[in-house]
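Visitor: Below is run-v4.txt; it holds compact mmCIF, C-alpha atoms.
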```txt
# COMPACT_ATOMS: atom_id res chain seq x y z
CA MET A 802 -1.60 -25.11 -77.12
CA LYS A 803 2.04 -25.84 -76.37
CA TYR A 804 3.22 -27.31 -73.07
CA TYR A 805 6.56 -27.64 -71.34
CA SER A 806 7.84 -30.15 -68.81
CA THR A 807 9.02 -28.84 -65.44
CA GLU A 808 11.31 -30.41 -62.87
CA MET A 809 13.13 -29.33 -59.72
CA SER A 810 16.60 -28.09 -60.53
CA ASP A 811 19.52 -30.29 -59.48
CA ASN A 812 22.09 -27.65 -60.45
CA LEU A 813 24.14 -27.16 -57.28
CA GLU A 814 25.27 -23.74 -58.46
CA ILE A 815 21.62 -22.67 -58.16
CA ILE A 816 20.26 -24.77 -55.28
CA GLY A 817 23.45 -25.31 -53.25
CA HIS A 818 22.50 -28.76 -51.96
CA HIS A 819 20.25 -31.56 -53.20
CA PRO A 820 17.74 -31.98 -51.75
CA GLN A 821 17.52 -28.49 -50.33
CA ALA A 822 15.40 -29.22 -47.29
CA GLU A 823 14.17 -31.90 -44.92
CA TYR A 824 11.57 -32.08 -42.17
CA ARG A 825 12.68 -29.94 -39.25
CA LYS A 826 14.01 -31.86 -36.26
CA GLY A 827 11.13 -32.53 -33.88
CA TYR A 828 8.48 -32.12 -36.57
CA ASN A 829 6.05 -35.03 -36.73
CA PRO A 830 4.60 -35.47 -40.26
CA ARG A 831 1.94 -37.81 -38.81
CA LYS A 832 0.50 -35.16 -36.48
CA ASN A 833 -1.74 -33.08 -38.76
CA GLY A 834 1.20 -33.15 -41.16
CA SER A 835 2.12 -34.29 -44.63
CA PHE A 836 1.68 -38.01 -43.88
CA ASN A 837 -1.99 -37.44 -42.99
CA ILE A 838 -2.89 -36.20 -46.45
CA LYS A 839 -3.72 -38.28 -49.51
CA VAL A 840 -2.56 -37.30 -52.96
CA ASN A 841 -6.13 -37.26 -54.32
CA GLU A 842 -7.88 -35.55 -51.39
CA PHE A 843 -7.87 -32.27 -49.51
CA PRO A 844 -7.84 -32.66 -45.71
CA ASP A 845 -10.56 -31.36 -43.39
CA PHE A 846 -7.85 -29.64 -41.32
CA VAL A 847 -5.07 -27.15 -42.03
CA PRO A 848 -1.83 -29.13 -42.44
CA HIS A 849 1.16 -28.22 -40.32
CA LEU A 850 4.50 -28.35 -42.11
CA GLU A 851 7.95 -27.27 -40.91
CA LEU A 852 11.11 -27.66 -42.97
CA GLN A 853 14.79 -27.07 -42.40
CA LEU A 854 17.14 -26.02 -45.18
CA TYR A 855 20.48 -27.79 -45.28
CA GLN A 856 23.44 -25.59 -44.43
CA LYS A 857 24.68 -25.36 -48.03
CA SER A 858 21.22 -24.89 -49.55
CA VAL A 859 20.15 -21.75 -51.36
CA PRO A 860 16.49 -20.76 -50.76
CA THR A 861 14.93 -20.82 -54.24
CA ASP A 862 11.34 -20.25 -55.35
CA TYR A 863 10.82 -24.00 -55.80
CA LEU A 864 12.38 -26.19 -53.11
CA SER A 865 13.33 -29.85 -53.29
CA VAL A 866 12.35 -31.54 -50.02
CA LEU A 867 13.42 -34.95 -48.74
CA GLY A 868 10.41 -37.11 -47.88
CA LEU A 869 7.64 -34.86 -49.16
CA PRO A 870 5.15 -37.29 -50.75
CA PHE A 871 3.65 -34.98 -53.38
CA GLY A 872 2.94 -31.37 -54.26
CA MET A 873 5.36 -28.46 -54.47
CA ILE A 874 7.02 -26.25 -51.87
CA ILE A 875 6.99 -22.77 -53.37
CA SER A 876 7.79 -19.20 -52.39
CA GLU A 877 5.15 -16.51 -52.00
CA ARG A 878 6.48 -14.97 -55.19
CA LEU A 879 5.80 -18.16 -57.15
CA LYS A 880 2.41 -18.58 -55.45
CA ASN A 881 1.40 -15.10 -56.62
CA ILE A 882 2.27 -16.02 -60.19
CA PHE A 883 0.41 -19.34 -60.09
CA GLU A 884 -2.72 -17.61 -58.81
CA LYS A 885 -2.95 -15.58 -62.01
CA TYR A 886 -3.27 -18.70 -64.16
CA LYS A 887 -5.70 -21.55 -64.65
CA LEU A 888 -4.90 -24.32 -62.17
CA PRO A 889 -6.52 -27.66 -61.36
CA ARG A 890 -8.23 -28.01 -57.97
CA HIS A 891 -5.72 -26.90 -55.37
CA HIS A 892 -4.86 -25.41 -52.00
CA PHE A 893 -1.85 -23.44 -50.77
CA TYR A 894 -0.85 -24.36 -47.21
CA LYS A 895 1.48 -22.03 -45.31
CA THR A 896 4.81 -23.65 -44.54
CA LYS A 897 7.63 -22.55 -42.25
CA VAL A 898 11.11 -23.00 -43.70
CA TYR A 899 13.97 -22.53 -41.25
CA TYR A 900 17.10 -21.05 -42.76
CA GLU A 901 20.08 -20.01 -40.61
CA THR A 902 18.49 -17.71 -38.00
CA LYS A 903 15.44 -16.88 -40.13
CA ILE A 904 12.02 -18.38 -40.71
CA LEU A 905 11.03 -18.05 -44.37
CA ASP A 906 7.42 -18.06 -45.55
CA TYR A 907 6.70 -20.72 -48.12
CA TYR A 908 3.61 -22.64 -49.27
CA TRP A 909 2.85 -26.27 -49.89
CA PHE A 910 1.02 -26.27 -53.22
CA HIS A 911 -1.24 -29.34 -53.17
CA TYR A 912 -3.15 -29.84 -56.41
CA ILE A 913 -5.38 -32.69 -57.53
CA ILE A 914 -5.63 -34.09 -61.05
CA ASP A 915 -8.92 -35.98 -61.19
CA ASP A 916 -10.04 -35.37 -64.77
CA PHE A 917 -7.15 -36.74 -66.84
CA TRP A 918 -9.01 -39.83 -68.05
CA ASP A 919 -12.10 -37.75 -68.79
CA HIS A 920 -10.24 -35.76 -71.43
CA ILE A 921 -7.63 -38.07 -72.96
CA ASP A 922 -8.12 -39.15 -76.56
CA LYS A 923 -7.54 -42.88 -76.04
CA GLU A 924 -7.42 -43.73 -79.74
CA ASN A 925 -4.54 -41.36 -80.46
CA SER A 926 -2.61 -41.62 -77.18
CA TYR A 927 -0.06 -44.32 -76.40
CA GLY A 928 2.95 -45.20 -74.33
CA GLU A 929 6.12 -46.92 -75.43
CA ILE A 930 8.29 -49.68 -74.02
CA LEU A 931 11.89 -49.08 -75.08
CA ASN A 932 14.71 -51.59 -75.14
CA ILE A 933 17.61 -50.21 -73.11
CA GLY A 934 20.61 -49.94 -75.38
CA ASP A 935 22.49 -47.61 -77.65
CA THR A 936 19.41 -46.77 -79.71
CA PHE A 937 16.54 -47.28 -77.23
CA SER A 938 14.46 -49.01 -79.90
CA VAL A 939 10.69 -49.32 -79.40
CA LYS A 940 9.73 -52.82 -78.26
CA ARG A 941 5.99 -52.21 -78.31
CA ARG A 942 3.31 -49.58 -77.82
CA ILE A 943 1.11 -49.35 -74.74
CA PRO A 944 -2.52 -48.44 -75.52
CA ALA A 945 -4.33 -45.85 -73.40
CA ILE A 946 -7.22 -48.04 -72.29
CA SER A 947 -8.21 -47.00 -68.77
CA LYS A 948 -6.90 -45.74 -65.44
CA GLU A 949 -7.01 -49.27 -64.03
CA GLN A 950 -5.14 -50.78 -66.98
CA ASN A 951 -2.55 -48.04 -66.73
CA LYS A 952 -1.83 -48.98 -63.09
CA LYS A 953 -1.16 -52.57 -64.17
CA GLU A 954 1.19 -51.43 -66.93
CA VAL A 955 3.15 -49.17 -64.58
CA ILE A 956 3.81 -51.86 -61.97
CA THR A 957 4.57 -54.63 -64.50
CA ARG A 958 8.33 -54.97 -64.92
CA GLU A 959 10.09 -55.95 -68.13
CA GLU A 960 13.81 -56.64 -68.03
CA HIS A 961 16.13 -54.26 -69.85
CA CYS A 962 13.25 -51.97 -70.77
CA ILE A 963 11.91 -48.57 -69.79
CA LYS A 964 8.41 -47.16 -70.21
CA LYS A 965 7.83 -43.68 -71.58
CA ILE A 966 5.00 -41.53 -72.84
CA GLY A 967 4.76 -41.94 -76.59
CA LYS A 968 2.04 -39.36 -77.22
CA ILE A 969 -0.78 -37.94 -75.15
CA VAL A 970 -3.58 -36.22 -77.02
CA MET A 971 -6.32 -34.43 -75.10
CA HIS A 972 -9.77 -33.72 -76.53
CA LYS A 973 -10.70 -30.14 -77.31
CA ASN A 974 -12.94 -30.04 -74.21
CA PHE A 975 -9.78 -30.21 -72.07
CA PRO A 976 -9.94 -27.17 -69.72
CA LYS A 977 -6.53 -25.95 -70.96
CA TYR A 978 -4.98 -25.63 -67.54
CA ASP A 979 -1.76 -23.66 -67.33
CA LEU A 980 -0.34 -26.25 -64.92
CA TYR A 981 -1.15 -29.94 -65.19
CA LYS A 982 0.24 -33.42 -64.60
CA THR A 983 0.09 -36.46 -66.86
CA GLN A 984 -1.33 -39.68 -65.43
CA PHE A 985 -0.50 -42.15 -68.16
CA ILE A 986 2.74 -44.20 -67.95
CA GLU A 987 4.68 -41.24 -66.52
CA SER A 988 3.86 -38.35 -64.20
CA LYS A 989 5.10 -35.22 -65.91
CA THR A 990 4.35 -31.79 -64.49
CA LEU A 991 3.52 -29.50 -67.39
CA VAL A 992 3.08 -25.76 -67.79
CA SER A 993 1.57 -23.80 -70.66
CA ILE A 994 3.64 -21.49 -72.82
CA ASP A 995 2.03 -18.48 -71.09
CA LEU A 996 2.97 -19.69 -67.60
CA LYS A 997 6.44 -20.64 -68.83
CA LYS A 998 6.98 -17.09 -70.05
CA ALA A 999 5.82 -15.67 -66.70
CA LEU A 1000 8.20 -17.93 -64.78
CA GLU A 1001 11.11 -16.90 -66.98
CA GLU A 1002 10.26 -13.18 -66.99
CA ASN A 1003 10.13 -13.20 -63.18
CA ASN A 1004 13.40 -15.17 -62.91
CA ILE A 1005 11.80 -17.94 -60.85
CA THR A 1006 14.55 -20.09 -59.37
CA GLY A 1007 14.84 -23.79 -58.57
CA ILE A 1008 12.87 -24.98 -61.58
CA GLU A 1009 13.97 -26.34 -64.95
CA ILE A 1010 11.69 -26.05 -67.97
CA THR A 1011 12.09 -28.05 -71.18
CA PRO A 1012 9.93 -28.48 -74.30
CA PHE A 1013 7.56 -31.46 -74.17
CA GLU A 1014 6.22 -32.28 -77.63
CA ARG A 1015 4.46 -35.46 -76.49
CA PHE A 1016 1.44 -33.68 -75.01
CA GLU A 1017 -1.09 -32.17 -77.39
CA VAL A 1018 -4.50 -30.56 -77.04
CA ILE A 1019 -6.87 -30.79 -80.00
CA THR A 1020 -7.96 -27.33 -81.12
```
What is this structure when it is put down as structure tokens?
Guide:
Amino acid sequence: MKYYSTEMSDNLEIIGHHPQAEYRKGYNPRKNGSFNIKVNEFPDFVPHLELQLYQKSVPTDYLSVLGLPFGMIISERLKNIFEKYKLPRHHFYKTKVYYETKILDYYWFHYIIDDFWDHIDKENSYGEILNIGDTFSVKRRIPAISKEQNKKEVITREEHCIKKIGKIVMHKNFPKYDLYKTQFIESKTLVSIDLKKALEENNITGIEITPFERFEVIT
């Protein structure tokens, strides 16, 4: 099963301004807002979220938002596509996006990845520490030992080096989500080839999709 990496577009010809939106003036993210929600939990209340597009911004299906801690701000069109595919645990929270004299309906897509370390093939997965230079040579490999060990590796700094995913292999019992996020060395948002095709066929805007050969599911 082939996967692709997705990122918010930074092409100003498409998005107009980067980031595209910020919290609306007067909005308090600490009052039943985005700051009251943890990345690995769903709240026991309905979050309130109001955003303001910058004057030069173009309203795309996927919005880049200054200060949003996690998740994705997506259009109803993109939400409808996501709902047709296999997703990890998630909620869509209605979000008001103010644009010129209009209020646009968007959704905060909050999804939780809590099974990554249940499915990773630790023996065949690894990260890499690369020496920064003309060739980015591999200094050493990082073994996929545990969630706790991974946290230590991520926060440990090594001068003139960067850390990247070398290879992530998932066992065949992996649920084969159509949207997922890696939790080893790097956080990469991935989509399946089927979801990629749907996004492209529907001309979804504000998102960039590139091949990601470093994530593999055993068949």
Visitor: Which residue gives the smallest distance to Thr1006 in chain A among A:Asp811, A:Tyr863, A:Tyr804, A:Ser858, with only C-alpha atoms counted?
Guide: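 Answer, going by the shortest atom-to-atom distance: A:Tyr863.
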Visitor: I'd like the neighbourhood of Ser806 in chain A as a list in words, where a residue qualifies if any of its atoms comes within 7 Å (using all atoms listed in the file), though same-chain residues fewer than 4 positions away should be ignored.
Guide: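 The neighbour list is Lys989, Thr990, Leu991, Val992, Ile1010, Thr1011, Pro1012 and Phe1013 of chain A.
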Visitor: Find the distance between CA of Lys952 in chain A and CA of Trp918 in chain A and write it in Å to one decimal.
Guide: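 Spanning CA of Lys952 in chain A to CA of Trp918 in chain A is a straight-line distance of 12.6 Å.
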Visitor: Expressed in Å to a single decimal, how great is the separation between CA of Glu1017 in chain A and CA of Val970 in chain A?
Guide: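 CA of Val970 in chain A lies at a distance of 4.8 Å from CA of Glu1017 in chain A.
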Visitor: Would you list the contacts of Tyr824 in chain A as a ChimeraX atom specification, taking every protein, DNA or RNA residue within 7 Å and counting all atoms listed in the file, but skipping same-chain residues closer than 6 positions in sequence?
Guide: /A:851-853
Visitor: Write the residues you've just listed into a file as a compact mmCIF listing (two decimals), in the frame of the given file, and include C-alpha atoms for each of them.
Guide:
```txt
# COMPACT_ATOMS: atom_id res chain seq x y z
CA GLU A 851 7.95 -27.27 -40.91
CA LEU A 852 11.11 -27.66 -42.97
CA GLN A 853 14.79 -27.07 -42.40
```
Visitor: Taking into account only C-alpha atoms, which residue in the set A:Ile969, A:Ala945, A:Leu854, A:Leu931 is nearest to Pro820 in chain A?
Guide: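 Among the listed residues, A:Leu854 lies closest to Pro820 in chain A.
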